[in-house]
Structure formats: structure tokens, C-alpha cells
Amino acid sequence: MTNKIFIFMALFLCAVTSRAEDGSSLWLRWQNVGKAKIELKGVQDGVAVARKELSAGYCGKSAVLRIDKAMADDDGFAIEERDGRLTITARRTSGLIYGAYEALRRQALGMPLDMESHPRFAIRMLNHWDNLDGSIERGYAGNSVWKWEQMTNTSTTDRRRLPAAQAALMDRIIQYARANASVGINATVLNNVNASPQMLSSAYINKVRWMADVLRPYNIRVYLSVNFATPMKLGGLATADPLDPQVGEWWRTKVAEIYRVIPDFGGFLVKANSEGQPGPGDYGRSHAEGANMLAEALDPFGGKVVWRSFVYGANHKGEDRVKQAVSEFEPCDGKFRSNVILQSKNGPLDFQPREPYAPIFDRMKRTPQMAELQITQEYLGHSRHLVYLAPMWKEFFSFVSPDRLQGVAGVTNIGDDTNWCGHHFAQANWYAFGRLAWNPELTSEEIAREWLRLTFSSDAAFVDTMTDVMMRSREACVDYMMPLGLHHIFKFDHHYGPEPDGFKAEYPLEWCPVYYHRADSVGVGFDRTVATGSGATRQYREPYASQYENIKTCPEEYLLWFHHVAWNHRMKSGLTLWQELCRHYQHGVDEVDRMVMTWRRMRPYVDDRRWQEVDDRLAHQAENAREWRDVCLGYFEGFARKNK
Ligand code: BDP
């Protein structure tokens, strides 16, 4: 059979159908065809998942899974297909799993199967901000998928031997694992960075062991967030001082207890001395001293400490918040043990719709680093707005080379909602995160196209139209929320609607919108220049430092981030700043109106339930975009009145 006919048949058999449904199957919609014979070469175990997926989903005659020790030592793979006979070759068994999913994706997309691929990052991680009580910090898709109370004190993952509730829970976790493995995600932090000390109690470690057993066949390593004061709160010690020998001993014993039951445990994620969390600073110790103490305990087992740089308001109170991570961590550069990785958010503030990149990625020269991206849309309309985030992450990678990073973490957007993510289109962000964590060179557009086809329909009229909608959605959000470099003018606490006049004397100043936009009768924006402002531009490498410093060369999308600009300042368009601001807000609203109209035309291509659910959310987004425009322009006009 020629390749062409074969692919045609494959497509026919495995066509993505448009039946009524609820979105729970995500992008994993290939049909159970159950024909292929699977053969193993040089593989002992660890490939049950690849085997099962291929024998259910591969439409050809047979598949060979083969280990080849001559290949690069990573999770990569090679795929070859000749007349319906598939061969997947990898150095590690994990590569066979990823190869199997890639082959099935290509088959579903009608693409030639032959290819070789290797991940750009070794660590491709999700961060869950899930609390032990089932709530999720900044989660907008229901409660936590982990039902800790349903995990009994059992060590079996044989679903027939589990109580019904735990068996159902296991099915859901396996779906989660499949989704992750299908896009190459290989690590997960199960709990919130604002961590409960209870997470490390023996009872919870036992539950984590069960989770790790369920996830392991999918090559997903489990990590935990830890509370730095756990030795006091759980262990009853009088201190958590990292230089106190008893504290070190407590952590070593705890780590040994974890590895006894989870031999491939990944390590700890730590938020220390940030937003009220305990840390080494409580004892006058540095971040390096704190991280190294944990790293020493984990080192004999190959575990890692992922230490967050999201720290402000502690040692550098009063300094421009966006400068504080560099001020705090630069003196520690070169002082961390080799199994510590510093994890920083993509921007220097906090997951805004648009931020310049965080200069800490340039400044830490001798410390392994990871980027933290936020998949959950804390500041981009929660799970109510359609905002495709791949273009934002690509923007980040255009400033920070993937070569500087050991890995990427994504703060996940999933919960126990039937469709996982609240908004059907928010699934695209989970998918895109994984795809970019594997290969940051993929374009946002390619990823959108493949996701749309796998999730909804391959009809070109649908895919072309909705790819365009997705590609424009992030810029639309920036426009109706915070164009031209405005930032953090959200309502307190929920970070959803606008509150440009937000100020509360009892809150830290860095939480108040007025601190960030600094509007007055002359102009608007935060002067971060070296010449007259906070000097944050100095933290950037050239050519950016000079470019951002000068109002004439500063890119307009960052203008009000770096400069306090007069209302009547001439923009590149010839309009004044005030007029340009109005134009952006209006454009954002117009874009959402267009999205609504476009989606109405997509009805023939989408099943009723998903179509309706997306339509409802789009209507809400259009309303919210107007609220942003009217509240922000109404407020700023009060200042601009005389000088616009
Ligand atoms: C902010 C969130 C807060 C998180 C914090 C963090 O508002 O809920 O705990 O970041 O990343 O974006 O630690």
C-alpha cells in the first residue's frame, strides 16, 4: 500500500468526529481501532503505555518499539513508517512513550509519520496551586482534581482492588497523565507554592506515593511544594533556621522517608520569604543558605530544589517591585549547590497580559534557571475569556534563549470541571504549554492549528478562521485591559475586572493600581529610567537597556511600563498618547465583537454543547471588555482632561 492511500485510510478510520460531547476528551480523540500487532526490541518494561496506546489507536498493521543506545540520551525518539509498519526508536523507554503519542497525533492529522525529535528542555513541568482542602489558588475550573480524601492507605494501582471512588479518581488521574504525556510534560508539582506543612506528614506522603505510582507509567515525576517552616509546624522543632544542625537533620530524615516509598521523587519547589511565607530570611540567612540546606538533603537521591525568585517587599522594601528579584538574588549567584534551580516568572512583576521579560534571566550567570509561565489566566480573564497564550510565551522566548534554561514550569489551569479547564479554548493553553516545553521553535500558529483539528474539526474553513481568532486573542486582551505598557490595574484580590483607582492604605503599596500607572494631570506611566526614575532599565542587557531607557526608542508596547508619558506626547501613529490609548481600548473591544460574530458562523462545525458553552463565554468577554474600556478611559480622562 502506498503511503498516500495508507494515510487516507488512517484518516478515514481515525477521523475526528463531531458528535455531541462535553470536552472531557481534550485533544485525545483518536478512535479505538485495535488492529496493530506490537513488537518489542531491547525493551524490558516501562512501555505498557506506548503499547496500549498504539495497539488501540494505530491504524497500520504493526508497530515495533525499539531501544537504541546509540541515540542521544534524552526523551527523544525517531519514527519510521513503511507500508503500515511503524518503528519507534528511542534511547530511553520514555522516548518510546513520547514517540507513540507523536505517531498517533501525526496519524490523526494526516501528516507523514517519519520524523526524529528531541526535547529542548529536560524539565517540562506543571505547577499545581492546589490546596489540601481541594480549593485551588487562582484556579478557575472547579476544585482540585486530586481528591486526597478518596486516596485510601493502599499501595495498589490495580483498579479492581480499589474502592469505587478511588478507582474513579484513578481513571481521571490517568486521563490527566495521558494528556500530559501526549505533549511531553514529564514532571508535576502537586500542591500550592503557599504550601501547607501537612503536605509532608506521613499520611500525605503515602497518598503522594500512590499518585506517583499512577503517574510513573506515563513518565511523570512527582515534586512537592514545601513550607520552609515545616520542621517547626509539623516536626515540633523550635526553629527552622537552615544553619541549625537539628533542622538539617529533620529535613534529611524526611527526605529519606519520601524516597523510601517514591524512589524517583523529583524534589521540592519552594516559595520562601515571599508574600508572608516563611524562609531563611526569618533567621537572617540568605536564599542560598536556605536552598542549599534542602539541596543537601535531596542530593544523595538525585532530587532537586526548585527555588522561586518571586520575592518582594522583604529585604528591599520601598524599591521598585520589578527590580527586587535581581537585587535579592544577584548576590547569591554562584553560591547555590548544583542541584538547585532558580525558577522565575517570565516577567519581572506578576503574569500581566504583557510584560517585558524578567532581566533576572540575564543576570544570574552561574545559577541553573527555569522559567515559570502561567497557564491559568489569573490576569487574562480567568477561564471566561478566550485568550490563546502561545504568542505571549513565544514573545518571552524571543528575549530569553531556551539555551539559558534547564526547564519550564507552567502554573496549570485545570480543575475538576468536566472539560478540565473551564473554557474549552483554555485547553489550548495546556496543550500549547506542553508543545512549547518540548519544542519552543514551533510557531503559535502551527500549535493552534493542530490543537483545533485534534479538538474540534479538520474542516479548513473552521481551522483557518479559528486559528486567526486564536492568534489575535492575546493582543486583543492586552488592548482592552492594559495597552501600551500599563500594568496591574486589576481589582484587588480577584484580578479580573478593572480598578485603576485602587488604593488601600492597609495594603502593601505594590498591590495598589495607583502605584503602577501613576496618572496625573501631566501624563501616565511608571518612570523606570536611570535618568529620572527607578532605574529598572539598568537591569537589562544591551541593546534593551538603552532602548528602553530612551522614550524615543522604547517600543510602544512597553512605553508606560518604562516611562511617565505626557498625555499629548506624539506617538508613532501621529496621534497623541491619549488618542492612542483610546484607540487601543476600542480596538480591543472591536476584536472581541469580531470573535463573537465569527464564532456564530462556526456553528456548523462544532457540536451543540461545546458551541453553546463557548458562545456564552464570548458574550461575557465582550461585556467585560467594554467594562475595561469604559472604566479605564473614564478614570484616565479625569487626569488627561486639560492636556490631551
Ligand atoms: C500571584 C498570585 C498569588 C500567588 C503568587 C505566587 O496572585 O496567588 O501565590 O503570585 O506566584 O500571582 O507566589
# chains A, B, ... in the order shown; residues from 1 in each chain; ligands from 1
>>> residues_around(residues="Tyr496 in chain A", least_positions_apart="6", cutoff="12 Å", atoms="only C-alpha atoms", output="list of chain:residue names")
A:Arg138, A:Tyr140, A:Gln352, A:Pro353, A:Gln377, A:Glu378, A:Tyr379, A:Leu380, A:Gly381, A:His382, A:Ser383, A:Arg384, A:His385, A:Cys477, A:Met481, A:His488, A:Ile489, A:Phe490, A:Gln621, A:Asn624, A:Ala625, A:Glu627, A:Trp628
>>> residues_near_ligand(ligand="ligand 1", cutoff="10 Å", atoms="only C-alpha atoms and all ligand atoms", output="ChimeraX atom specification")
/A:129,136-139,192-195,270-272,274-277,308-311,344-345,349-352,372,374,378-379,411,492-495,511
>>> residues_around(residues="Val463 in chain A", least_positions_apart="4", cutoff="10 Å", atoms="only C-alpha atoms", output="MDAnalysis selection string")
chainID A and resid 448:453 456:459 467:469 602 605
>>> write_last_selection(atoms="all heavy atoms", output="tab-separated table (two decimals), in the first residue's frame")
chain	number	residue	atom	x	y	z
A	448	ALA	N	-1.77	26.10	17.27
A	448	ALA	CA	-3.21	26.37	17.26
A	448	ALA	C	-3.92	25.48	16.24
A	448	ALA	O	-4.95	24.89	16.53
A	448	ALA	CB	-3.46	27.84	16.94
A	449	ARG	N	-3.32	25.38	15.07
A	449	ARG	CA	-3.93	24.57	14.02
A	449	ARG	C	-4.06	23.11	14.42
A	449	ARG	O	-5.11	22.49	14.26
A	449	ARG	CB	-3.09	24.61	12.73
A	449	ARG	CG	-3.29	25.83	11.95
A	449	ARG	CD	-2.48	25.82	10.66
A	449	ARG	NE	-2.88	27.00	9.94
A	449	ARG	CZ	-3.98	27.07	9.20
A	449	ARG	NH1	-4.72	26.00	9.00
A	449	ARG	NH2	-4.33	28.19	8.63
A	450	GLU	N	-2.98	22.56	14.94
A	450	GLU	CA	-3.07	21.13	15.28
A	450	GLU	C	-4.05	20.92	16.43
A	450	GLU	O	-4.82	19.97	16.42
A	450	GLU	CB	-1.70	20.48	15.52
A	450	GLU	CG	-0.87	21.06	16.60
A	450	GLU	CD	0.53	20.43	16.69
A	450	GLU	OE1	1.22	20.25	15.65
A	450	GLU	OE2	0.93	20.10	17.81
A	451	TRP	N	-4.05	21.86	17.40
A	451	TRP	CA	-4.99	21.70	18.52
A	451	TRP	C	-6.44	21.78	18.04
A	451	TRP	O	-7.28	20.98	18.43
A	451	TRP	CB	-4.71	22.77	19.59
A	451	TRP	CG	-5.71	22.69	20.69
A	451	TRP	CD1	-5.71	21.80	21.74
A	451	TRP	CD2	-6.90	23.48	20.83
A	451	TRP	NE1	-6.83	22.01	22.52
A	451	TRP	CE2	-7.57	23.04	21.99
A	451	TRP	CE3	-7.45	24.54	20.10
A	451	TRP	CZ2	-8.77	23.60	22.43
A	451	TRP	CZ3	-8.65	25.10	20.53
A	451	TRP	CH2	-9.30	24.63	21.69
A	452	LEU	N	-6.73	22.76	17.17
A	452	LEU	CA	-8.10	22.91	16.66
A	452	LEU	C	-8.55	21.64	15.93
A	452	LEU	O	-9.66	21.17	16.10
A	452	LEU	CB	-8.19	24.10	15.70
A	452	LEU	CG	-8.24	25.48	16.36
A	452	LEU	CD1	-7.95	26.57	15.34
A	452	LEU	CD2	-9.61	25.72	17.01
A	453	ARG	N	-7.64	21.11	15.13
A	453	ARG	CA	-8.01	19.92	14.35
A	453	ARG	C	-8.22	18.72	15.25
A	453	ARG	O	-9.13	17.93	15.05
A	453	ARG	CB	-6.93	19.64	13.30
A	453	ARG	CG	-6.86	20.74	12.24
A	453	ARG	CD	-5.87	20.38	11.16
A	453	ARG	NE	-6.22	19.12	10.53
A	453	ARG	CZ	-5.38	18.40	9.81
A	453	ARG	NH1	-4.14	18.82	9.61
A	453	ARG	NH2	-5.76	17.26	9.29
A	456	PHE	N	-11.54	19.87	17.61
A	456	PHE	CA	-12.85	20.20	17.04
A	456	PHE	C	-13.09	19.58	15.67
A	456	PHE	O	-13.87	18.66	15.52
A	456	PHE	CB	-13.02	21.72	16.96
A	456	PHE	CG	-13.26	22.39	18.29
A	456	PHE	CD1	-12.26	23.13	18.90
A	456	PHE	CD2	-14.49	22.28	18.93
A	456	PHE	CE1	-12.49	23.76	20.12
A	456	PHE	CE2	-14.72	22.89	20.15
A	456	PHE	CZ	-13.72	23.63	20.75
A	457	SER	N	-12.41	20.10	14.67
A	457	SER	CA	-12.73	19.69	13.30
A	457	SER	C	-11.56	20.01	12.39
A	457	SER	O	-10.84	20.99	12.63
A	457	SER	CB	-13.96	20.47	12.83
A	457	SER	OG	-14.01	20.52	11.43
A	458	SER	N	-11.39	19.20	11.36
A	458	SER	CA	-10.31	19.44	10.41
A	458	SER	C	-10.78	20.26	9.21
A	458	SER	O	-10.01	20.52	8.30
A	458	SER	CB	-9.73	18.11	9.92
A	458	SER	OG	-8.68	17.73	10.75
A	459	ASP	N	-12.01	20.63	9.20
A	459	ASP	CA	-12.54	21.40	8.08
A	459	ASP	C	-11.75	22.70	7.93
A	459	ASP	O	-11.63	23.49	8.87
A	459	ASP	CB	-14.02	21.72	8.36
A	459	ASP	CG	-14.73	22.10	7.09
A	459	ASP	OD1	-14.29	23.09	6.46
A	459	ASP	OD2	-15.70	21.42	6.73
A	467	THR	N	-8.03	29.69	13.76
A	467	THR	CA	-6.62	29.95	14.02
A	467	THR	C	-6.40	31.46	14.07
A	467	THR	O	-5.72	31.98	14.96
A	467	THR	CB	-5.73	29.33	12.91
A	467	THR	OG1	-5.96	27.92	12.89
A	467	THR	CG2	-4.25	29.57	13.18
A	468	ASP	N	-7.01	32.15	13.15
A	468	ASP	CA	-6.88	33.61	13.12
A	468	ASP	C	-7.44	34.23	14.41
A	468	ASP	O	-6.81	35.10	15.01
A	468	ASP	CB	-7.62	34.14	11.88
A	468	ASP	CG	-7.46	35.64	11.73
A	468	ASP	OD1	-6.30	36.10	11.69
A	468	ASP	OD2	-8.49	36.36	11.69
A	469	VAL	N	-8.58	33.74	14.84
A	469	VAL	CA	-9.17	34.25	16.10
A	469	VAL	C	-8.21	34.02	17.26
A	469	VAL	O	-7.92	34.93	18.05
A	469	VAL	CB	-10.53	33.56	16.38
A	469	VAL	CG1	-10.97	33.80	17.82
A	469	VAL	CG2	-11.59	34.05	15.41
A	602	MET	N	-19.41	29.61	13.16
A	602	MET	CA	-18.74	28.31	13.29
A	602	MET	C	-19.70	27.20	13.75
A	602	MET	O	-19.30	26.07	13.92
A	602	MET	CB	-17.57	28.40	14.30
A	602	MET	CG	-16.44	29.30	13.85
A	602	MET	SD	-15.70	28.74	12.29
A	602	MET	CE	-16.28	29.98	11.16
A	605	TYR	N	-19.74	23.58	12.46
A	605	TYR	CA	-18.56	22.72	12.61
A	605	TYR	C	-18.41	22.15	14.01
A	605	TYR	O	-17.54	21.32	14.25
A	605	TYR	CB	-17.29	23.52	12.29
A	605	TYR	CG	-17.33	24.18	10.94
A	605	TYR	CD1	-17.58	25.54	10.82
A	605	TYR	CD2	-17.16	23.41	9.79
A	605	TYR	CE1	-17.64	26.15	9.58
A	605	TYR	CE2	-17.22	24.01	8.55
A	605	TYR	CZ	-17.46	25.37	8.44
A	605	TYR	OH	-17.53	25.95	7.21
>>> residues_around(residues="Phe425 in chain A", least_positions_apart="6", cutoff="8 Å", atoms="only C-alpha atoms", output="PyMOL selection string")
chain A and resi 386-388+614
>>> write_last_selection(atoms="all heavy atoms", output="tab-separated table (two decimals), in the first residue's frame")
chain	number	residue	atom	x	y	z
A	386	LEU	N	-11.55	34.04	26.05
A	386	LEU	CA	-10.77	33.25	25.09
A	386	LEU	C	-9.47	34.03	24.82
A	386	LEU	O	-9.49	35.07	24.14
A	386	LEU	CB	-11.58	33.06	23.80
A	386	LEU	CG	-11.06	32.06	22.76
A	386	LEU	CD1	-12.13	31.76	21.73
A	386	LEU	CD2	-9.77	32.49	22.07
A	387	VAL	N	-8.40	33.54	25.40
A	387	VAL	CA	-7.09	34.16	25.17
A	387	VAL	C	-6.08	33.04	24.98
A	387	VAL	O	-5.82	32.25	25.89
A	387	VAL	CB	-6.65	35.06	26.36
A	387	VAL	CG1	-5.33	35.76	26.02
A	387	VAL	CG2	-7.71	36.08	26.72
A	388	TYR	N	-5.53	32.97	23.79
A	388	TYR	CA	-4.55	31.93	23.46
A	388	TYR	C	-3.17	32.45	23.83
A	388	TYR	O	-2.73	33.50	23.33
A	388	TYR	CB	-4.68	31.63	21.97
A	388	TYR	CG	-3.67	30.66	21.40
A	388	TYR	CD1	-3.44	29.42	21.99
A	388	TYR	CD2	-2.97	30.99	20.23
A	388	TYR	CE1	-2.52	28.53	21.44
A	388	TYR	CE2	-2.06	30.10	19.67
A	388	TYR	CZ	-1.85	28.88	20.28
A	388	TYR	OH	-0.94	28.00	19.72
A	614	VAL	N	-19.02	27.89	24.60
A	614	VAL	CA	-18.05	28.90	24.16
A	614	VAL	C	-18.78	30.20	23.84
A	614	VAL	O	-18.33	31.30	24.20
A	614	VAL	CB	-17.25	28.39	22.94
A	614	VAL	CG1	-16.41	29.51	22.33
A	614	VAL	CG2	-16.35	27.21	23.34
>>> closest_residue(among="A:Arg617, A:Lys644, A:His487, A:Arg610", to="Tyr558 in chain A", atoms="only C-alpha atoms")
A:His487
>>> closest_residue(among="A:His287, A:Arg92, A:Arg435, A:Arg105", to="Val183 in chain A", atoms="only C-alpha atoms")
A:Arg435
>>> residues_around(residues="Val565 in chain A", least_positions_apart="5", cutoff="12 Å", atoms="only C-alpha atoms", output="short mmCIF file (atom, residue, chain, number, x, y, z; two decimals) with C-alpha atoms, in the first residue's frame")
data_model
loop_
_atom_site.label_atom_id
_atom_site.label_comp_id
_atom_site.auth_asym_id
_atom_site.auth_seq_id
_atom_site.Cartn_x
_atom_site.Cartn_y
_atom_site.Cartn_z
CA LEU A 484 0.88 50.48 25.81
CA GLY A 485 2.65 49.04 28.85
CA LEU A 486 0.02 49.74 31.51
CA HIS A 517 0.05 53.73 36.49
CA ARG A 518 0.97 56.96 38.33
CA ALA A 519 -1.55 59.00 36.36
CA ASP A 520 -1.53 62.74 36.99
CA SER A 521 -2.51 65.85 35.08
CA VAL A 522 0.73 65.75 33.07
CA GLY A 523 0.70 62.15 31.97
CA VAL A 524 0.65 58.47 32.84
CA GLY A 525 3.14 55.61 33.31
CA PHE A 526 5.89 54.43 35.64
CA ASP A 527 9.22 56.17 35.11
CA ARG A 528 11.75 53.37 35.34
CA THR A 529 14.58 55.17 33.58
CA ASN A 550 15.04 56.33 25.77
CA ILE A 551 11.42 57.36 25.23
CA LYS A 552 12.14 57.70 21.51
CA CYS A 554 11.28 52.35 23.74
CA GLU A 556 5.35 51.44 22.32
CA TYR A 558 6.28 48.88 26.80
CA LEU A 559 6.05 52.67 26.81
CA LEU A 560 4.08 53.19 30.02
CA ARG A 570 3.11 62.30 19.85
CA MET A 571 3.01 58.59 19.17
CA THR A 576 -1.41 61.89 20.96
CA LEU A 577 -0.89 59.39 23.77
CA TRP A 578 -4.45 59.98 24.96
CA LEU A 581 -4.86 54.90 24.37
CA ALA A 640 -5.99 63.93 30.90
CA ASN A 643 -3.76 68.23 28.40
CA LYS A 644 -4.96 65.62 25.98
#
